[in-house]
>>> print(open('upload.txt').read())   # compact mmCIF, C-alpha atoms
# COMPACT_ATOMS: atom_id res chain seq x y z
CA MET A 1 -0.45 66.60 -160.78
CA ALA A 2 -3.31 69.03 -161.40
CA SER A 3 -1.05 71.96 -162.18
CA SER A 4 1.11 70.03 -164.65
CA SER A 5 -1.89 68.76 -166.64
CA SER A 6 -3.48 72.20 -166.85
CA SER A 7 -0.27 73.83 -168.03
CA SER A 8 0.19 71.26 -170.79
CA LYS A 9 -3.39 71.89 -171.96
CA THR A 10 -2.80 75.57 -172.38
CA GLY A 11 0.60 74.91 -173.97
CA LEU A 12 2.33 77.10 -171.41
CA LYS A 13 5.28 75.51 -169.75
CA LYS A 14 6.76 77.12 -166.74
CA MET A 15 10.46 77.69 -167.25
CA LEU A 16 13.18 77.95 -164.64
CA THR A 17 16.77 79.09 -164.84
CA LEU A 18 19.61 77.27 -163.13
CA LYS A 19 22.83 79.16 -162.64
CA SER A 20 26.08 77.28 -162.15
CA SER A 21 28.92 78.37 -159.88
CA ASP A 22 30.76 79.53 -163.02
CA GLY A 23 27.87 81.88 -163.80
CA ASP A 24 26.41 79.96 -166.77
CA GLU A 25 22.63 79.91 -167.00
CA PHE A 26 20.48 76.99 -168.17
CA GLU A 27 16.78 77.43 -168.90
CA LEU A 28 14.68 74.34 -168.31
CA GLU A 29 11.08 73.32 -167.95
CA GLU A 30 9.90 73.13 -164.39
CA SER A 31 8.65 69.57 -164.91
CA ILE A 32 12.25 68.44 -165.57
CA VAL A 33 13.86 70.32 -162.73
CA ILE A 34 11.51 69.29 -159.95
CA GLN A 35 13.08 65.80 -159.94
CA CYS A 36 15.58 67.56 -157.81
CA GLN A 37 14.14 67.92 -154.31
CA THR A 38 16.27 70.92 -153.32
CA ILE A 39 15.12 72.91 -156.37
CA LYS A 40 11.52 71.72 -155.97
CA HIS A 41 11.42 73.34 -152.55
CA MET A 42 12.87 76.57 -153.95
CA VAL A 43 10.27 76.60 -156.73
CA GLU A 44 7.55 76.15 -154.14
CA ASP A 45 8.99 79.19 -152.38
CA GLY A 46 8.56 81.19 -155.58
CA PHE A 47 12.09 81.23 -157.02
CA SER A 48 12.53 81.06 -160.79
CA LEU A 49 16.26 81.83 -161.01
CA ILE A 50 18.15 79.29 -158.99
CA PRO A 51 21.80 79.88 -158.20
CA LEU A 52 23.76 76.70 -157.49
CA GLN A 53 26.93 77.81 -155.80
CA ASN A 54 28.22 74.29 -155.25
CA VAL A 55 27.77 73.02 -158.80
CA ASP A 56 30.08 73.99 -161.65
CA THR A 57 29.03 74.16 -165.31
CA LYS A 58 30.61 70.85 -166.27
CA THR A 59 28.79 68.99 -163.51
CA LEU A 60 25.52 70.82 -164.00
CA THR A 61 25.53 69.97 -167.73
CA LYS A 62 25.79 66.27 -166.87
CA ILE A 63 23.07 66.53 -164.24
CA ILE A 64 20.72 68.30 -166.66
CA GLU A 65 21.38 65.55 -169.21
CA TYR A 66 20.36 63.01 -166.57
CA MET A 67 17.23 64.91 -165.50
CA LYS A 68 16.08 65.44 -169.09
CA LYS A 69 16.35 61.75 -169.86
CA HIS A 70 14.68 60.68 -166.64
CA ALA A 71 11.82 63.15 -167.20
CA GLU A 72 10.95 61.02 -170.26
CA LYS A 73 10.62 57.91 -168.15
CA THR A 74 7.48 55.89 -168.83
CA GLU A 75 6.43 52.28 -168.41
CA SER A 76 7.55 51.41 -171.95
CA ASN A 77 11.09 52.82 -172.10
CA LYS A 78 12.59 51.19 -169.02
CA GLU A 79 15.21 49.43 -171.13
CA GLU A 80 16.24 52.70 -172.77
CA ILE A 81 16.64 54.42 -169.38
CA LYS A 82 18.67 51.49 -168.12
CA ASN A 83 21.04 51.78 -171.07
CA PHE A 84 21.25 55.52 -170.57
CA ASN A 85 22.24 54.99 -166.93
CA LYS A 86 24.89 52.49 -167.95
CA GLU A 87 26.40 54.95 -170.41
CA PHE A 88 26.07 57.81 -167.94
CA VAL A 89 28.50 56.27 -165.43
CA LYS A 90 30.93 55.11 -168.11
CA GLY A 91 32.66 58.48 -168.37
CA SER A 92 35.64 59.60 -166.35
CA PHE A 93 35.60 58.12 -162.87
CA ASP A 94 37.11 61.31 -161.44
CA ASP A 95 33.99 63.22 -162.58
CA GLN A 96 31.85 61.02 -160.37
CA PHE A 97 33.25 62.71 -157.29
CA GLU A 98 31.76 66.08 -158.29
CA LEU A 99 28.60 64.41 -159.59
CA VAL A 100 27.84 62.46 -156.44
CA SER A 101 28.52 65.49 -154.24
CA ALA A 102 26.22 67.62 -156.41
CA ALA A 103 23.51 64.95 -156.56
CA ASN A 104 23.63 64.78 -152.79
CA TYR A 105 23.38 68.57 -152.45
CA LEU A 106 20.51 68.71 -154.94
CA HIS A 107 18.75 65.63 -153.52
CA ILE A 108 18.28 63.74 -156.76
CA ASN A 109 17.67 60.31 -155.31
CA GLY A 110 17.82 58.25 -158.51
CA LEU A 111 21.14 59.79 -159.49
CA MET A 112 22.52 59.26 -155.98
CA ASP A 113 21.66 55.57 -156.18
CA LEU A 114 23.21 55.25 -159.61
CA LEU A 115 26.47 56.96 -158.61
CA CYS A 116 26.89 55.28 -155.23
CA GLN A 117 26.45 51.92 -156.90
CA SER A 118 28.91 52.85 -159.61
CA ILE A 119 31.50 53.89 -157.01
CA ALA A 120 30.90 50.76 -154.93
CA ASP A 121 31.43 48.71 -158.10
CA ARG A 122 34.94 50.14 -158.32
CA ILE A 123 35.67 48.65 -154.89
CA ASN A 124 33.96 45.29 -155.31
CA ASN A 125 36.37 42.45 -155.85
CA LYS A 126 39.40 44.74 -155.91
CA SER A 127 42.54 44.37 -153.87
CA VAL A 128 43.32 47.05 -151.29
CA ARG A 129 46.24 48.24 -153.40
CA ALA A 130 44.04 48.59 -156.49
CA VAL A 131 41.39 50.54 -154.53
CA ARG A 132 44.05 52.96 -153.26
CA GLU A 133 45.21 53.51 -156.85
CA ILE A 134 41.71 53.97 -158.26
CA PHE A 135 40.75 56.52 -155.59
CA ASN A 136 44.23 58.05 -155.39
CA ILE A 137 44.35 57.54 -151.63
CA SER A 138 47.68 57.11 -149.94
CA ASN A 139 48.13 54.54 -147.26
CA ASP A 140 48.33 56.38 -143.93
CA TYR A 141 48.95 53.27 -141.82
CA THR A 142 52.38 52.38 -140.55
CA PRO A 143 53.33 48.83 -141.59
CA ASP A 144 52.55 47.65 -138.04
CA GLU A 145 49.15 49.32 -137.99
CA GLU A 146 48.26 47.94 -141.39
CA GLU A 147 49.15 44.45 -140.33
CA LYS A 148 46.92 44.85 -137.29
CA VAL A 149 44.00 45.98 -139.44
CA ARG A 150 44.54 43.07 -141.81
CA ASP A 151 44.71 40.73 -138.84
CA GLU A 152 41.24 41.84 -137.77
CA HIS A 153 39.98 40.14 -140.87
CA LYS A 154 42.72 37.65 -141.49
CA TRP A 155 40.48 34.81 -142.55
CA ALA A 156 38.94 36.96 -145.28
CA HIS A 157 42.31 37.13 -147.00
CA GLU A 158 42.93 33.44 -147.02
CA GLY A 159 42.16 31.85 -150.32
CA GLY A 160 40.37 34.88 -151.74
CA GLU A 161 41.78 36.27 -154.93
CA PHE A 162 41.29 39.97 -155.49
CA ASP A 163 41.55 41.87 -158.70
CA GLU A 164 44.70 43.99 -158.86
CA SER A 165 43.77 45.77 -162.10
CA LEU A 166 42.53 49.35 -162.11
CA ASP A 167 39.66 49.07 -164.61
CA MET B 1 41.98 65.11 -159.75
CA PRO B 2 39.41 64.93 -156.97
CA ASP B 3 40.40 64.18 -153.42
CA TRP B 4 38.18 61.23 -152.56
CA LEU B 5 39.05 61.65 -148.89
CA GLU B 6 37.03 64.87 -149.04
CA LEU B 7 33.89 62.91 -149.83
CA GLN B 8 31.27 63.54 -147.18
CA HIS B 9 30.93 60.94 -144.48
CA ASP B 10 27.24 60.25 -145.20
CA LEU B 11 28.04 59.63 -148.86
CA LEU B 12 30.75 57.15 -147.94
CA VAL B 13 28.24 55.34 -145.76
CA LEU B 14 25.85 55.08 -148.73
CA ILE B 15 28.68 53.60 -150.76
CA VAL B 16 29.77 51.03 -148.18
CA ASN B 17 26.12 50.05 -147.79
CA ARG B 18 26.37 48.73 -151.31
CA LEU B 19 29.36 46.47 -150.72
CA ASN B 20 27.98 42.99 -150.78
CA LEU B 21 30.81 40.70 -149.77
CA ILE B 22 32.26 40.96 -146.28
CA GLU B 23 35.70 40.55 -147.85
CA ASP B 24 35.20 43.69 -149.95
CA TYR B 25 34.01 45.48 -146.84
CA HIS B 26 37.21 44.54 -145.01
CA ASN B 27 39.31 45.63 -147.97
CA PHE B 28 37.53 48.99 -147.87
CA ALA B 29 38.43 49.33 -144.18
CA THR B 30 42.08 48.55 -144.93
CA VAL B 31 42.49 51.35 -147.49
CA CYS B 32 43.14 54.13 -144.95
CA LYS B 33 42.34 55.24 -141.41
CA PHE B 34 39.39 57.41 -142.39
CA TRP B 35 37.72 54.66 -144.38
CA HIS B 36 38.39 52.27 -141.50
CA SER B 37 36.38 54.60 -139.26
CA VAL B 38 33.45 54.45 -141.72
CA ALA B 39 33.44 50.66 -142.06
CA THR B 40 31.89 49.95 -138.71
CA LYS B 41 29.89 46.88 -137.92
CA ASP B 42 26.68 48.92 -138.03
CA ASN B 43 27.37 50.24 -141.50
CA PHE B 44 27.60 46.76 -142.97
CA ASN B 45 24.37 46.32 -144.85
CA SER B 46 23.00 42.93 -143.97
CA ASN B 47 19.87 43.45 -146.08
CA LEU B 48 21.56 42.93 -149.42
CA PRO B 49 20.74 39.71 -151.23
CA ARG B 50 23.54 37.26 -150.55
CA VAL B 51 24.44 33.75 -151.41
CA PRO B 52 24.06 31.75 -148.20
CA TRP B 53 27.27 30.49 -146.76
CA LEU B 54 27.94 26.82 -146.99
CA MET B 55 28.73 25.15 -143.74
CA LEU B 56 30.35 21.85 -143.10
CA VAL B 57 30.18 20.64 -139.53
CA LEU B 58 32.52 18.05 -138.12
CA THR B 59 32.43 16.84 -134.55
CA TRP B 60 34.96 15.52 -132.14
CA GLY B 61 33.33 14.78 -128.82
CA ASP B 62 32.23 18.05 -127.33
CA VAL B 63 33.80 20.12 -130.04
CA TYR B 64 32.15 21.08 -133.29
CA VAL B 65 34.40 22.28 -136.05
CA CYS B 66 32.62 24.28 -138.71
CA ASP B 67 34.06 25.27 -142.03
CA VAL B 68 32.04 28.24 -143.20
CA THR B 69 32.52 28.92 -146.87
CA GLY B 70 31.45 32.18 -148.46
CA PRO B 71 31.75 33.12 -152.13
CA LYS B 72 35.37 34.17 -151.64
CA SER B 73 36.84 32.47 -148.64
CA THR B 74 36.48 29.80 -146.03
CA SER B 75 36.77 30.34 -142.34
CA ARG B 76 36.97 27.70 -139.69
CA MET B 77 35.37 28.08 -136.33
CA VAL B 78 35.34 25.88 -133.34
CA VAL B 79 32.25 25.68 -131.19
CA GLU B 80 32.66 24.05 -127.84
CA MET B 81 29.62 22.24 -126.59
CA PRO B 82 30.52 20.56 -123.34
CA ASN B 83 28.20 17.82 -122.17
CA ARG B 84 26.09 17.85 -125.27
CA SER B 85 25.75 15.00 -127.60
CA MET B 86 25.19 15.41 -131.30
CA ASP B 87 21.57 14.38 -131.19
CA GLN B 88 20.75 17.27 -128.83
CA VAL B 89 22.27 20.00 -130.90
CA TYR B 90 21.58 21.31 -134.36
CA ILE B 91 23.74 23.89 -136.00
CA LEU B 92 22.18 26.02 -138.70
CA GLU B 93 23.49 28.85 -140.76
CA SER B 94 21.55 31.84 -141.97
CA LEU B 95 22.72 35.19 -143.37
CA GLY B 96 26.20 34.75 -141.99
CA SER B 97 25.12 33.93 -138.45
CA LEU B 98 25.41 30.58 -136.85
CA PHE B 99 22.48 29.26 -134.88
CA VAL B 100 23.17 26.61 -132.36
CA VAL B 101 19.83 25.11 -131.53
CA MET B 102 19.70 23.20 -128.26
CA GLN B 103 16.87 21.74 -126.30
CA ASP B 104 16.73 24.69 -123.93
CA GLY B 105 17.39 27.57 -126.26
CA VAL B 106 19.06 29.00 -129.30
CA GLU B 107 22.49 30.51 -129.34
CA ILE B 108 23.39 32.86 -132.15
CA ARG B 109 27.03 33.23 -133.04
CA ASP B 110 28.70 35.33 -135.62
CA PRO B 111 31.38 33.33 -137.45
CA ARG B 112 33.03 36.58 -138.56
CA GLU B 113 33.84 37.42 -134.96
CA ASP B 114 36.56 34.90 -134.69
CA SER B 115 37.60 32.09 -136.89
CA THR B 116 39.82 29.87 -134.86
CA ASP B 117 39.00 30.55 -131.26
CA HIS B 118 35.82 30.99 -129.29
CA PRO B 119 33.54 33.64 -130.70
CA LYS B 120 34.04 36.89 -128.81
CA GLU B 121 30.38 37.65 -128.68
CA SER B 122 27.50 35.32 -128.69
CA THR B 123 23.92 35.94 -127.90
CA GLU B 124 22.01 33.35 -126.07
CA THR B 125 18.29 33.43 -126.45
CA HIS B 126 16.33 31.04 -124.38
CA LEU B 127 13.07 29.89 -125.75
CA SER B 128 10.13 30.47 -123.52
CA GLY B 129 7.73 27.68 -122.77
CA ARG B 130 8.91 24.28 -123.81
>>> encode(input="upload.txt", output="structure tokens")
Amino acid sequence: MASSSSSSKTGLKKMLTLKSSDGDEFELEESIVIQCQTIKHMVEDGFSLIPLQNVDTKTLTKIIEYMKKHAEKTESNKEEIKNFNKEFVKGSFDDQFELVSAANYLHINGLMDLLCQSIADRINNKSVRAVREIFNISNDYTPDEEEKVRDEHKWAHEGGEFDESLD
Amino acid sequence: MPDWLELQHDLLVLIVNRLNLIEDYHNFATVCKFWHSVATKDNFNSNLPRVPWLMLVLTWGDVYVCDVTGPKSTSRMVVEMPNRSMDQVYILESLGSLFVVMQDGVEIRDPREDSTDHPKESTETHLSGR
């Protein structure tokens, strides 16, 4: 806390550079980047150029967008942040795979929560067939095995209607 | 297109922790063998806010028939209570578990264990003192 208030008084903002796996560099204020626990530890160790070998440019751009918005978070703009989050997960569902893996690697807890919930929401209330389609997972059970698995939870499939659509 | 089966195990656990309905949890387990291995009993998050299940208890002599209705489905379980009369036994439901309260103790049953036969597992906790 003390260091951030003194730097804003003098008008000097410590800048950091993030480098994606594609080699693109992004210069950002330290105060934005330290939301990410992995980078925070590297900054504490004296790094100012941070190579992120597991994060490509496309994913890093999205993550920076998230961190910039969340760095503005105050008591009064909760609604705005909430709407931002809603829009943030509206994009391509396929992108969320890279995003959640990167958020996990970078330890950005808020973003992890947001993405895990968004992914779980694609499973909630869906039929097994729809979930397989949405996640592009092929059924690796034999018909006998699948029936056995369904039998484990037979009662749960009686009377319950699941959504077959992919949206 | 990403290969969702490549998603790290710990991330999948965080995702299944957010599945609220037991029915959705079972559907998750039915998707493929790997997901089945993630959807263990321990990974079901029982701390999420849930609508309590509605339970209707009918009795025939020593046998209590309970229809347990969740938001999506109804299961029927049969609880055998030999040599107990209705006024000695209370059956309560909380967070998906069934509590059979008797004069000498409390038995906790999980209606998800088995719907039509005896529950496979039940924990009997005897109250100390009176």
>>> atom_distance(input="upload.txt", atom1="atom CA of B:Thr30", atom2="atom CA of A:Val149")
6.4 Å
>>> atom_distance(input="upload.txt", atom1="atom CA of B:Asp3", atom2="atom CA of A:Lys58")
17.5 Å
>>> closest_residue(input="upload.txt", among="A:Thr142, A:Thr59, A:His41, A:Ala71", to="A:Glu29", atoms="all atoms listed in the file")
A:Ala71
>>> residues_around(input="upload.txt", residues="A:Met42", least_positions_apart="2", cutoff="12 Å", atoms="all atoms listed in the file", output="ChimeraX atom specification")
/A:16-18,30,33-34,36-40,44-52,106
>>> closest_residue(input="upload.txt", among="A:Asp22, A:Asp144, A:Glu152, A:Glu164", to="chain B", atoms="all atoms listed in the file")
A:Glu152
>>> interface_residues(input="upload.txt", of="chain B", to="chain A", cutoff="6 Å", atoms="all atoms listed in the file", output="ChimeraX atom specification")
/B:15,23-24,27,31-32,72-73,75
>>> atom_distance(input="upload.txt", atom1="atom CA of B:Tyr64", atom2="atom CA of B:Leu21")
25.7 Å
>>> closest_residue(input="upload.txt", among="B:Arg50, B:Ala39, B:Asn45, B:Met1", to="B:Pro71", atoms="only C-alpha atoms")
B:Arg50
>>> residues_near_point(input="upload.txt", point="(34.1, 26.1, -139.9)", cutoff="7 Å", atoms="all atoms listed in the file", output="number ranges by chain")
B: 55-57, 65-68, 75-78
>>> closest_residue(input="upload.txt", among="B:Thr69, B:Gln8, B:Thr74, B:Asn17", to="B:Asn43", atoms="only C-alpha atoms")
B:Asn17
>>> residues_around(input="upload.txt", residues="B:Thr40", least_positions_apart="2", cutoff="10 Å", atoms="all atoms listed in the file", output="list in words")
Val13, Val16, Tyr25, His26, Ala29, Trp35, His36, Ser37, Val38, Asp42, Asn43 and Phe44 of chain B
>>> closest_residue(input="upload.txt", among="A:Ile81, A:Leu60, A:Val43, A:Leu99", to="A:Ser21", atoms="all atoms listed in the file")
A:Leu60
